[in-house]
$ cat data-v2.cif   # mmCIF, C-alpha atoms and all ligand atoms
data_query
#
loop_
_atom_site.label_atom_id
_atom_site.label_comp_id
_atom_site.auth_asym_id
_atom_site.auth_seq_id
_atom_site.Cartn_x
_atom_site.Cartn_y
_atom_site.Cartn_z
CA MET A 1 92.21 110.55 104.21
CA SER A 2 88.62 110.13 103.18
CA PHE A 3 85.48 111.93 104.29
CA SER A 4 82.87 112.17 107.01
CA ILE A 5 79.32 113.38 106.51
CA LEU A 6 78.87 116.88 107.92
CA GLY A 7 75.21 117.45 107.03
CA THR A 8 72.27 116.12 105.06
CA GLY A 9 69.12 117.48 103.44
CA SER A 10 66.21 116.34 101.31
CA ALA A 11 63.21 117.73 99.46
CA LEU A 12 60.07 116.19 98.00
CA PRO A 13 57.37 117.52 95.69
CA GLU A 14 54.10 118.61 97.29
CA ARG A 15 51.85 116.35 95.23
CA VAL A 16 51.06 112.97 96.82
CA VAL A 17 49.87 110.26 94.42
CA THR A 18 48.26 107.33 96.21
CA ASN A 19 47.88 103.78 94.92
CA GLU A 20 44.14 104.40 94.91
CA GLU A 21 44.60 107.35 92.55
CA LEU A 22 46.74 105.23 90.20
CA SER A 23 44.05 102.54 90.16
CA HIS A 24 41.84 105.03 88.26
CA MET A 25 44.57 105.58 85.65
CA VAL A 26 45.79 102.05 84.92
CA ASP A 27 44.52 98.53 85.60
CA THR A 28 45.97 98.11 89.09
CA SER A 29 44.90 98.19 92.73
CA ASP A 30 46.17 99.41 96.08
CA ALA A 31 46.29 95.78 97.26
CA TRP A 32 48.48 94.65 94.31
CA ILE A 33 50.93 97.52 94.66
CA ARG A 34 51.22 97.23 98.45
CA THR A 35 51.66 93.47 98.54
CA ARG A 36 53.97 93.21 95.49
CA THR A 37 56.13 96.28 96.25
CA GLY A 38 55.45 97.75 99.72
CA ILE A 39 54.56 101.14 98.19
CA ARG A 40 51.50 103.04 99.50
CA GLU A 41 52.07 106.41 97.88
CA ARG A 42 54.73 108.52 96.18
CA ARG A 43 55.47 112.22 95.59
CA VAL A 44 55.33 113.47 92.00
CA CYS A 45 56.48 116.81 90.57
CA SER A 46 53.65 119.05 89.42
CA SER A 47 54.76 122.67 89.57
CA GLU A 48 58.29 121.99 90.94
CA THR A 49 61.30 121.20 88.79
CA VAL A 50 63.81 118.55 89.83
CA THR A 51 66.47 121.28 89.93
CA GLU A 52 64.39 123.15 92.52
CA LEU A 53 64.15 120.01 94.65
CA ALA A 54 67.90 119.49 94.34
CA CYS A 55 68.53 123.08 95.35
CA GLN A 56 66.27 122.81 98.43
CA ALA A 57 67.93 119.54 99.50
CA ALA A 58 71.40 121.05 99.02
CA ALA A 59 70.54 124.21 100.97
CA LYS A 60 69.24 122.10 103.87
CA ALA A 61 72.38 119.95 103.82
CA LEU A 62 74.57 123.06 103.93
CA THR A 63 72.62 124.45 106.89
CA ASP A 64 72.83 121.10 108.69
CA SER A 65 76.59 120.98 108.08
CA GLY A 66 77.28 124.52 109.25
CA CYS A 67 79.14 125.17 105.96
CA THR A 68 78.50 127.91 103.44
CA ALA A 69 78.23 127.39 99.71
CA ALA A 70 81.34 129.53 99.26
CA GLU A 71 83.36 126.88 101.15
CA LEU A 72 82.47 124.11 98.68
CA ASP A 73 85.33 122.70 96.60
CA LEU A 74 83.18 120.49 94.40
CA ILE A 75 79.53 119.72 93.59
CA ILE A 76 78.53 116.31 92.22
CA CYS A 77 74.94 115.57 91.20
CA ALA A 78 73.70 112.05 90.55
CA THR A 79 70.68 112.03 88.25
CA ILE A 80 69.16 110.36 85.20
CA SER A 81 66.31 112.86 84.92
CA ALA A 82 67.87 116.34 84.98
CA ASP A 83 65.95 119.32 83.60
CA TYR A 84 68.75 120.05 81.11
CA ALA A 85 71.20 117.93 79.14
CA THR A 86 73.43 120.97 79.50
CA PRO A 87 74.16 122.82 81.71
CA SER A 88 74.48 120.06 84.26
CA MET A 89 72.25 120.11 87.32
CA ALA A 90 75.43 120.60 89.37
CA CYS A 91 76.35 123.78 87.46
CA ILE A 92 72.86 125.20 87.99
CA LEU A 93 73.12 124.43 91.71
CA GLN A 94 76.53 126.09 91.86
CA ASP A 95 74.94 129.29 90.57
CA LYS A 96 71.79 129.12 92.70
CA LEU A 97 73.64 128.27 95.93
CA GLY A 98 76.37 130.87 95.34
CA ALA A 99 79.28 128.41 95.16
CA HIS A 100 82.41 128.91 93.02
CA CYS A 101 83.72 125.38 92.58
CA PRO A 102 83.84 122.75 89.80
CA ALA A 103 80.51 121.01 89.29
CA PHE A 104 79.37 118.03 87.24
CA ASP A 105 76.65 115.36 86.97
CA ILE A 106 77.01 111.60 86.92
CA ASN A 107 74.66 108.88 85.69
CA ALA A 108 74.70 105.58 87.53
CA ALA A 109 70.90 105.30 87.76
CA CYS A 110 69.71 104.21 91.20
CA THR A 111 73.31 103.62 92.35
CA GLY A 112 74.17 107.26 91.59
CA PHE A 113 74.49 108.47 95.18
CA LEU A 114 76.96 105.69 96.02
CA TYR A 115 78.93 106.31 92.82
CA ALA A 116 79.07 110.00 93.72
CA LEU A 117 80.37 109.16 97.21
CA ASP A 118 83.02 106.93 95.62
CA ILE A 119 84.13 109.74 93.29
CA ALA A 120 84.18 112.17 96.22
CA ALA A 121 86.38 109.73 98.16
CA GLY A 122 88.87 109.91 95.28
CA TYR A 123 88.95 113.72 95.51
CA PHE A 124 89.51 113.57 99.27
CA ALA A 125 92.34 111.08 98.80
CA ARG A 126 93.99 113.50 96.38
CA LYS A 127 93.62 116.61 98.52
CA ALA A 128 92.75 116.51 102.22
CA ASP A 129 91.16 119.84 103.02
CA GLN A 130 87.94 119.90 101.06
CA LYS A 131 84.21 120.21 101.30
CA ILE A 132 82.14 118.40 98.72
CA LEU A 133 78.41 118.62 98.13
CA VAL A 134 76.84 115.43 96.78
CA VAL A 135 73.25 115.69 95.55
CA ALA A 136 71.01 112.96 94.15
CA ALA A 137 67.83 114.22 92.52
CA GLU A 138 65.29 112.58 90.26
CA ALA A 139 62.03 113.31 88.52
CA MET A 140 61.31 109.72 87.55
CA SER A 141 57.80 110.89 86.64
CA ARG A 142 59.24 112.33 83.40
CA LEU A 143 60.83 108.99 82.39
CA ILE A 144 57.99 106.58 83.01
CA ASP A 145 55.07 105.70 80.77
CA TRP A 146 52.03 106.61 82.86
CA GLN A 147 49.99 104.10 80.86
CA ASP A 148 52.28 101.18 81.74
CA ARG A 149 51.08 99.64 85.02
CA SER A 150 54.20 97.51 85.33
CA THR A 151 56.42 100.56 85.87
CA CYS A 152 54.34 103.66 86.67
CA VAL A 153 53.34 102.38 90.11
CA LEU A 154 56.96 101.91 91.22
CA PHE A 155 58.60 105.33 91.07
CA GLY A 156 58.51 108.72 92.74
CA ASP A 157 60.34 112.05 92.60
CA GLY A 158 62.62 113.64 95.18
CA ALA A 159 66.09 114.86 96.08
CA GLY A 160 68.63 114.24 98.82
CA ALA A 161 72.00 115.79 99.56
CA ALA A 162 75.03 115.43 101.81
CA VAL A 163 77.91 117.76 102.59
CA LEU A 164 81.16 115.87 103.01
CA GLY A 165 84.27 117.09 104.81
CA ALA A 166 87.72 115.58 105.23
CA GLY A 167 87.57 112.75 107.76
CA ASP A 168 87.71 109.01 108.11
CA GLY A 169 84.00 108.16 108.31
CA LEU A 170 84.01 106.21 105.06
CA LEU A 171 85.42 102.80 105.97
CA ALA A 172 84.90 101.10 102.59
CA ILE A 173 83.05 101.67 99.35
CA ARG A 174 82.61 99.46 96.34
CA THR A 175 80.91 100.21 93.04
CA GLY A 176 80.40 97.94 90.05
CA ALA A 177 78.63 97.56 86.73
CA LYS A 178 77.43 94.69 84.61
CA GLY A 179 76.88 96.49 81.35
CA SER A 180 73.60 95.55 79.70
CA ILE A 181 70.72 97.50 78.21
CA ALA A 182 67.85 95.04 78.09
CA PRO A 183 66.72 94.61 81.70
CA LEU A 184 66.24 98.31 82.38
CA TYR A 185 66.51 101.28 80.00
CA ALA A 186 65.05 104.66 79.15
CA PRO A 187 65.96 105.88 75.64
CA SER A 188 66.93 109.47 74.88
CA SER A 189 64.96 111.23 72.19
CA TRP A 190 66.46 111.73 68.69
CA GLY A 191 64.82 115.13 68.59
CA ASN A 192 63.82 116.24 65.10
CA SER A 193 66.97 115.24 63.21
CA PRO A 194 65.97 114.92 59.53
CA PHE A 195 69.02 112.67 58.95
CA TYR A 196 68.36 109.95 61.52
CA THR A 197 67.07 106.83 59.76
CA GLY A 198 66.77 104.42 62.70
CA ASN A 199 63.68 103.74 64.76
CA SER A 200 62.85 106.49 67.22
CA ALA A 201 62.02 104.59 70.36
CA GLN A 202 59.43 105.86 72.81
CA PRO A 203 61.41 107.76 75.45
CA TYR A 204 60.00 105.83 78.40
CA LEU A 205 61.54 103.54 80.97
CA VAL A 206 61.28 99.84 80.08
CA MET A 207 62.02 97.17 82.65
CA GLU A 208 62.15 93.40 82.83
CA GLY A 209 60.99 93.35 86.46
CA GLN A 210 61.78 89.78 87.43
CA GLU A 211 65.30 89.85 85.95
CA VAL A 212 66.06 93.10 87.79
CA PHE A 213 64.58 91.60 90.96
CA ARG A 214 66.94 88.60 90.83
CA PHE A 215 69.95 90.81 90.04
CA ALA A 216 69.00 93.18 92.86
CA VAL A 217 68.88 90.55 95.60
CA THR A 218 72.10 88.84 94.50
CA SER A 219 74.05 92.06 94.05
CA MET A 220 72.90 93.67 97.30
CA VAL A 221 73.96 90.60 99.27
CA GLN A 222 77.29 90.34 97.45
CA THR A 223 78.26 94.03 97.71
CA VAL A 224 77.38 94.25 101.41
CA GLU A 225 79.36 91.06 102.12
CA ASP A 226 82.28 92.57 100.17
CA VAL A 227 82.43 95.86 102.09
CA LEU A 228 81.97 94.07 105.41
CA ALA A 229 84.87 91.76 104.56
CA GLN A 230 87.00 94.72 103.44
CA THR A 231 86.50 96.54 106.74
CA GLY A 232 86.37 93.60 109.11
CA VAL A 233 83.09 95.01 110.47
CA ARG A 234 80.75 92.23 111.67
CA LYS A 235 77.05 92.34 110.78
CA GLU A 236 76.18 92.55 114.48
CA GLU A 237 78.19 95.77 114.71
CA LEU A 238 76.04 97.55 112.09
CA ALA A 239 73.62 100.07 113.59
CA TRP A 240 71.61 100.49 110.38
CA VAL A 241 71.32 99.15 106.86
CA LEU A 242 70.11 101.63 104.21
CA PRO A 243 69.13 99.60 101.15
CA HIS A 244 67.91 100.90 97.82
CA GLN A 245 64.13 101.39 97.98
CA ALA A 246 62.91 99.54 94.87
CA ASN A 247 60.71 96.84 96.35
CA ILE A 248 60.18 95.76 99.98
CA ARG A 249 60.36 92.13 98.83
CA ILE A 250 63.86 92.74 97.41
CA ILE A 251 64.91 94.32 100.71
CA ASP A 252 63.43 91.46 102.77
CA ALA A 253 65.05 88.81 100.58
CA ALA A 254 68.47 90.48 100.75
CA LEU A 255 68.27 90.97 104.54
CA SER A 256 67.22 87.37 105.02
CA ARG A 257 70.18 86.09 102.98
CA LEU A 258 72.51 88.46 104.83
CA LYS A 259 71.01 87.25 108.13
CA ILE A 260 70.46 90.85 109.24
CA GLY A 261 67.28 91.55 111.23
CA SER A 262 64.72 93.87 109.67
CA GLU A 263 64.78 96.03 112.83
CA LYS A 264 68.17 97.32 111.63
CA CYS A 265 66.84 98.32 108.24
CA LEU A 266 65.71 101.84 107.34
CA THR A 267 62.98 102.13 104.72
CA ASN A 268 60.77 104.87 103.27
CA ILE A 269 59.50 102.99 100.21
CA ALA A 270 55.93 102.99 101.54
CA ASP A 271 55.77 106.79 101.35
CA HIS A 272 58.14 107.65 98.50
CA GLY A 273 58.37 104.65 96.14
CA ASN A 274 61.61 104.32 94.19
CA THR A 275 63.22 107.74 93.72
CA SER A 276 66.21 106.18 91.91
CA ALA A 277 69.52 107.82 92.92
CA ALA A 278 67.74 110.02 95.46
CA CYS A 279 66.54 107.04 97.57
CA ALA A 280 69.75 106.60 99.52
CA ALA A 281 70.27 110.31 100.14
CA ILE A 282 66.66 110.90 101.25
CA LEU A 283 66.76 107.85 103.52
CA LEU A 284 69.98 109.10 105.15
CA ASP A 285 68.57 112.58 105.67
CA GLU A 286 65.29 111.33 107.12
CA ALA A 287 67.19 109.11 109.59
CA ASN A 288 69.46 112.03 110.51
CA ARG A 289 66.55 114.40 111.11
CA ALA A 290 64.58 111.79 113.05
CA GLY A 291 67.55 111.49 115.44
CA LYS A 292 68.03 107.81 114.60
CA LEU A 293 71.74 108.13 113.85
CA LYS A 294 74.07 108.30 116.86
CA LYS A 295 77.69 109.41 116.69
CA GLY A 296 79.83 106.36 115.98
CA ASP A 297 76.99 104.33 114.40
CA LEU A 298 78.14 102.05 111.59
CA LEU A 299 75.89 102.24 108.53
CA ALA A 300 75.78 99.92 105.50
CA MET A 301 74.36 101.49 102.35
CA THR A 302 73.65 99.38 99.28
CA ALA A 303 72.05 100.08 95.91
CA PHE A 304 71.56 98.69 92.41
CA GLY A 305 70.07 100.16 89.27
CA GLY A 306 70.06 100.61 85.52
CA GLY A 307 73.35 99.86 83.89
CA LEU A 308 73.21 97.46 85.61
CA THR A 309 75.11 99.20 88.37
CA THR A 310 75.77 98.17 91.95
CA GLY A 311 77.33 99.74 95.01
CA ALA A 312 77.72 99.46 98.75
CA CYS A 313 79.61 101.23 101.49
CA ILE A 314 80.25 101.15 105.21
CA LEU A 315 80.10 104.58 106.83
CA ARG A 316 80.69 105.61 110.41
CA TRP A 317 78.30 108.40 111.39
CA ASP A 318 80.65 111.03 112.82
CA LYS A 319 78.18 113.86 113.31
N1 LIG A 401 48.94 96.05 88.97
C1 LIG A 401 48.35 94.85 88.80
N2 LIG A 401 48.93 93.83 88.15
C2 LIG A 401 50.18 94.04 87.67
C3 LIG A 401 50.85 95.26 87.81
C4 LIG A 401 50.18 96.28 88.48
N3 LIG A 401 50.74 97.49 88.70
N4 LIG A 401 52.07 95.15 87.23
C5 LIG A 401 52.16 93.91 86.74
N5 LIG A 401 51.00 93.23 87.00
C6 LIG A 401 50.66 91.87 86.66
C7 LIG A 401 51.45 91.32 85.49
O1 LIG A 401 50.87 91.70 84.26
C8 LIG A 401 51.36 89.84 85.75
O2 LIG A 401 50.10 89.40 85.29
P1 LIG A 401 49.96 87.94 84.64
O3 LIG A 401 50.35 86.97 85.71
O4 LIG A 401 48.51 87.89 84.27
O5 LIG A 401 50.90 87.94 83.49
C9 LIG A 401 51.35 89.74 87.28
O6 LIG A 401 50.99 91.04 87.75
C10 LIG A 401 52.68 89.37 87.86
O7 LIG A 401 53.66 90.19 87.23
P2 LIG A 401 55.19 90.05 87.60
O8 LIG A 401 55.97 90.95 86.73
O9 LIG A 401 55.54 88.60 87.63
O10 LIG A 401 55.16 90.59 89.10
P3 LIG A 401 56.33 90.61 90.13
O11 LIG A 401 55.92 89.92 91.33
O12 LIG A 401 57.66 90.24 89.51
O13 LIG A 401 56.41 92.16 90.50
C11 LIG A 401 57.77 94.07 90.04
C12 LIG A 401 56.74 93.09 89.48
C13 LIG A 401 57.14 94.80 91.20
C14 LIG A 401 58.17 95.05 88.95
C15 LIG A 401 59.02 93.28 90.54
O14 LIG A 401 59.44 92.38 89.55
C16 LIG A 401 60.16 94.18 90.90
O15 LIG A 401 60.13 94.91 91.87
N6 LIG A 401 61.26 94.10 90.11
C17 LIG A 401 62.44 94.91 90.39
C18 LIG A 401 62.19 96.34 90.04
C19 LIG A 401 63.39 97.17 90.37
O16 LIG A 401 64.09 96.91 91.31
N7 LIG A 401 63.65 98.15 89.57
C20 LIG A 401 64.81 98.96 89.81
C21 LIG A 401 64.68 100.14 89.03
S1 LIG A 401 66.08 101.03 89.42
C22 LIG A 401 66.52 102.19 88.26
O17 LIG A 401 67.69 102.27 88.02
C23 LIG A 401 65.52 103.06 87.59
#
$ encode --input "data-v2.cif" --output "structure tokens"
Amino acid sequence: MSFSILGTGSALPERVVTNEELSHMVDTSDAWIRTRTGIRERRVCSSETVTELACQAAAKALTDSGCTAAELDLIICATISADYATPSMACILQDKLGAHCPAFDINAACTGFLYALDIAAGYFARKADQKILVVAAEAMSRLIDWQDRSTCVLFGDGAGAAVLGAGDGLLAIRTGAKGSIAPLYAPSSWGNSPFYTGNSAQPYLVMEGQEVFRFAVTSMVQTVEDVLAQTGVRKEELAWVLPHQANIRIIDAALSRLKIGSEKCLTNIADHGNTSAACAAILLDEANRAGKLKKGDLLAMTAFGGGLTTGACILRWDK
């Protein structure tokens, strides 16, 4: 026994930051950002907290699922940019939603939503009758150096959520990691410890873009091929591919190698940029609300991110 998706939700900050606006902050241009990444604009937290976005996304997912918070058996949040180191974002959501279940956060960077689905699948395998809320929420705007043009143009903030119930909609899921710091990291602060004698790094995200790009294309192709092989599903049978939204050129290169037509691919990178773990969950919710997902549709989700982590799954849309 695994799970099926019962409902989805998402939430974005009000503030839209266009490429044009960024071009007045750093040495960049709308043309460079659009042609090199596919991003036109992104949403950035101003007055909202990432916990508030997570809570809104979760509440919408509960409404869409027809479940109440009291029915939840577990809450998992995927985030690298929570408002608090403790309590976890998941514990705060438990309180705000009125749930009474265990709750914890995970960190798998941009692959966080897929890792959370994989963990949830383990819970369903252990005990059939459950309802699990999975939330992915990020305020990447707090991790990036807004004076670094090579990263600040890439990211956005947002949250997505899914309510899972016992079912057999998850046909296969695979997660992986290739542990390494250098290509993509964001240091934690040492605070004001008077005893720490090392170098206190700037707490901003640092990325070796081209190395991550190469890893991204290779790993997305490999993980999708793996889950297709595991399920016996043929590429032609997929209704939609939901790839991580880091760069439209990464998506195009992966689709081309997979020989999957771009008409099957869902994207929102132009409007949201890379919202890290939240990308996959927001993309799923937007497709659900736009009526693009039909009962029985086979979906391939794939992501990669800091860690370096990877993941992919094949889901049947049972709603
Ligand atoms: N505006 C204008 N010029 C820029 C900008 C910018 N915003 N950023 C970089 N440039 C310049 C560089 O300085 C360089 O100039 P030079 O040739 O004079 O040295 C030139 O543009 C080309 O730079 P590259 O780094 O080679 O550009 P590239 O085509 O590789 O694109 C990018 C950079 C967009 C970062 C790309 O490498 C990429 O998307 N990498 C993957 C990113 C990714 O997937 N990240 C995942 C994060 S997930 C997570 O877990 C948080």
$ closest_residue --input "data-v2.cif" --among "A:Leu53, A:Ala229, A:Ile76, A:Ile33" --to "ligand LIG 401 (chain A)" --atoms "all atoms listed in the file"
A:Ile33
$ residues_near_ligand --input "data-v2.cif" --ligand "ligand LIG 401 (chain A)" --cutoff "9 Å" --atoms "all atoms listed in the file" --output "PyMOL selection string"
chain A and resi 22-23+26-33+36-37+80+108-112+140+148-155+184-186+205+207-216+244-250+274-277+303-309
$ residues_around --input "data-v2.cif" --residues "A:Ala82" --least-positions-apart "6" --cutoff "8 Å" --atoms "only C-alpha atoms" --output "PyMOL selection string"
chain A and resi 50-51+88-89+137-139
$ residues_around --input "data-v2.cif" --residues "A:Gln222" --least-positions-apart "6" --cutoff "10 Å" --atoms "all atoms listed in the file" --output "list in words"
Ala216, Leu228, Ala254, Arg257, Leu258, Thr302, Thr310, Gly311 and Ala312 of chain A
$ closest_residue --input "data-v2.cif" --among "A:Gln56, A:Gln130, A:Ser188, A:Ser4" --to "A:Lys96" --atoms "all atoms listed in the file"
A:Gln56
$ closest_residue --input "data-v2.cif" --among "A:Asn107, A:Gly169, A:Ile5, A:Ala120" --to "A:Ala85" --atoms "all atoms listed in the file"
A:Asn107
$ atom_distance --input "data-v2.cif" --atom1 "atom CA of A:Lys127" --atom2 "atom CA of A:Asp285"
26.4 Å
$ atom_distance --input "data-v2.cif" --atom1 "atom CA of A:Arg42" --atom2 "atom CA of A:Val16"
5.8 Å
$ closest_atom_pairs --input "data-v2.cif" --of "stretch 99-189 of chain A" --to "stretch 315-319 of chain A" --cutoff "12 Å" --atoms "only C-alpha atoms" --output "tab-separated table"
residue	atom	partner	partner_atom	distance
A:Leu114	CA	A:Leu315	CA	11.3
A:Leu117	CA	A:Leu315	CA	10.7
A:Asp118	CA	A:Leu315	CA	11.8
A:Ala121	CA	A:Leu315	CA	11.9
A:Val163	CA	A:Lys319	CA	11.4
A:Leu164	CA	A:Lys319	CA	10.9
A:Gly165	CA	A:Asp318	CA	10.7
A:Ala166	CA	A:Asp318	CA	11.3
A:Gly167	CA	A:Asp318	CA	8.7
A:Asp168	CA	A:Arg316	CA	8.1
A:Gly169	CA	A:Arg316	CA	4.7
A:Leu170	CA	A:Leu315	CA	4.6
A:Leu171	CA	A:Leu315	CA	5.7
A:Ala172	CA	A:Leu315	CA	7.3
A:Ile173	CA	A:Leu315	CA	8.6
A:Arg174	CA	A:Leu315	CA	11.9
$ residues_near_point --input "data-v2.cif" --point "(56.0, 117.6, 98.4)" --cutoff "10 Å" --atoms "all atoms listed in the file" --output "list in words"
Ala11, Leu12, Pro13, Glu14, Arg15, Val16, Arg42, Arg43, Val44, Cys45, Ser46, Glu48, Leu53, Asp157 and Gly158 of chain A
$ atom_distance --input "data-v2.cif" --atom1 "atom CA of A:Asp64" --atom2 "atom CA of A:Arg289"
9.5 Å
$ closest_residue --input "data-v2.cif" --among "A:Ala253, A:Ile39, A:Ala290, A:Val241" --to "A:Leu266" --atoms "only C-alpha atoms"
A:Val241
$ closest_residue --input "data-v2.cif" --among "A:Val17, A:Met301, A:Ile92, A:Ala58" --to "A:Ala280" --atoms "all atoms listed in the file"
A:Met301
$ closest_residue --input "data-v2.cif" --among "A:Gln94, A:Thr86, A:Ser180, A:Asn288" --to "A:Leu74" --atoms "all atoms listed in the file"
A:Gln94
$ residues_around --input "data-v2.cif" --residues "stretch 199-204 of chain A" --least-positions-apart "5" --cutoff "9 Å" --atoms "all atoms listed in the file" --output "MDAnalysis selection string"
chainID A and resid 142:145 185:191
$ residues_around --input "data-v2.cif" --residues "A:Cys265" --least-positions-apart "6" --cutoff "9 Å" --atoms "all atoms listed in the file" --output "list of chain:residue names"
A:Ala239, A:Trp240, A:Val241, A:Leu242, A:Pro243, A:Ile251, A:Leu255
$ write_last_selection --input "data-v2.cif" --atoms "C-alpha atoms" --output "CSV table (one decimal), in the frame of the given file"
chain,number,residue,atom,x,y,z
A,239,ALA,CA,73.6,100.1,113.6
A,240,TRP,CA,71.6,100.5,110.4
A,241,VAL,CA,71.3,99.2,106.9
A,242,LEU,CA,70.1,101.6,104.2
A,243,PRO,CA,69.1,99.6,101.2
A,251,ILE,CA,64.9,94.3,100.7
A,255,LEU,CA,68.3,91.0,104.5
$ build_atoms --input "data-v2.cif" --residues "stretch 201-208 of chain A" --atoms "all heavy atoms" --output "mmCIF file, in the frame of the given file"
data_model
loop_
_atom_site.group_PDB
_atom_site.id
_atom_site.type_symbol
_atom_site.label_atom_id
_atom_site.label_comp_id
_atom_site.auth_asym_id
_atom_site.auth_seq_id
_atom_site.Cartn_x
_atom_site.Cartn_y
_atom_site.Cartn_z
ATOM 1 N N ALA A 201 62.729 105.312 69.310
ATOM 2 C CA ALA A 201 62.020 104.590 70.360
ATOM 3 C C ALA A 201 61.219 105.561 71.217
ATOM 4 O O ALA A 201 61.542 106.741 71.303
ATOM 5 C CB ALA A 201 63.027 103.855 71.239
ATOM 6 N N GLN A 202 60.167 105.049 71.839
ATOM 7 C CA GLN A 202 59.430 105.860 72.810
ATOM 8 C C GLN A 202 60.372 106.170 73.972
ATOM 9 O O GLN A 202 61.052 105.267 74.463
ATOM 10 C CB GLN A 202 58.231 105.062 73.354
ATOM 11 C CG GLN A 202 57.176 104.763 72.338
ATOM 12 C CD GLN A 202 56.297 105.977 72.069
ATOM 13 O OE1 GLN A 202 56.353 106.968 72.781
ATOM 14 N NE2 GLN A 202 55.494 105.887 71.036
ATOM 15 N N PRO A 203 60.414 107.406 74.416
ATOM 16 C CA PRO A 203 61.410 107.760 75.450
ATOM 17 C C PRO A 203 60.961 107.414 76.863
ATOM 18 O O PRO A 203 61.067 108.227 77.779
ATOM 19 C CB PRO A 203 61.524 109.278 75.265
ATOM 20 C CG PRO A 203 60.170 109.688 74.828
ATOM 21 C CD PRO A 203 59.624 108.548 73.997
ATOM 22 N N TYR A 204 60.464 106.205 77.060
ATOM 23 C CA TYR A 204 60.000 105.830 78.400
ATOM 24 C C TYR A 204 60.847 104.700 78.978
ATOM 25 O O TYR A 204 61.468 103.936 78.241
ATOM 26 C CB TYR A 204 58.541 105.336 78.346
ATOM 27 C CG TYR A 204 57.581 106.342 77.796
ATOM 28 C CD1 TYR A 204 56.764 106.029 76.707
ATOM 29 C CD2 TYR A 204 57.488 107.615 78.350
ATOM 30 C CE1 TYR A 204 55.887 106.948 76.188
ATOM 31 C CE2 TYR A 204 56.613 108.546 77.832
ATOM 32 C CZ TYR A 204 55.810 108.210 76.748
ATOM 33 O OH TYR A 204 54.944 109.121 76.233
ATOM 34 N N LEU A 205 60.798 104.599 80.289
ATOM 35 C CA LEU A 205 61.540 103.540 80.970
ATOM 36 C C LEU A 205 60.898 102.177 80.689
ATOM 37 O O LEU A 205 59.682 102.039 80.765
ATOM 38 C CB LEU A 205 61.536 103.829 82.473
ATOM 39 C CG LEU A 205 62.361 102.896 83.339
ATOM 40 C CD1 LEU A 205 63.126 103.689 84.389
ATOM 41 C CD2 LEU A 205 61.498 101.853 84.025
ATOM 42 N N VAL A 206 61.741 101.216 80.336
ATOM 43 C CA VAL A 206 61.280 99.840 80.080
ATOM 44 C C VAL A 206 62.045 98.929 81.036
ATOM 45 O O VAL A 206 63.266 99.083 81.197
ATOM 46 C CB VAL A 206 61.588 99.433 78.609
ATOM 47 C CG1 VAL A 206 61.188 97.980 78.367
ATOM 48 C CG2 VAL A 206 60.901 100.368 77.635
ATOM 49 N N MET A 207 61.337 98.013 81.670
ATOM 50 C CA MET A 207 62.020 97.170 82.650
ATOM 51 C C MET A 207 61.529 95.734 82.606
ATOM 52 O O MET A 207 60.335 95.482 82.498
ATOM 53 C CB MET A 207 61.770 97.735 84.054
ATOM 54 C CG MET A 207 62.508 96.984 85.140
ATOM 55 S SD MET A 207 62.340 97.799 86.724
ATOM 56 C CE MET A 207 60.603 97.637 87.012
ATOM 57 N N GLU A 208 62.465 94.819 82.673
ATOM 58 C CA GLU A 208 62.150 93.400 82.830
ATOM 59 C C GLU A 208 62.215 93.128 84.343
ATOM 60 O O GLU A 208 63.279 92.850 84.913
ATOM 61 C CB GLU A 208 63.204 92.584 82.061
ATOM 62 C CG GLU A 208 63.079 91.085 82.143
ATOM 63 C CD GLU A 208 61.652 90.584 82.047
ATOM 64 O OE1 GLU A 208 61.043 90.778 80.978
ATOM 65 O OE2 GLU A 208 61.155 90.034 83.047
#
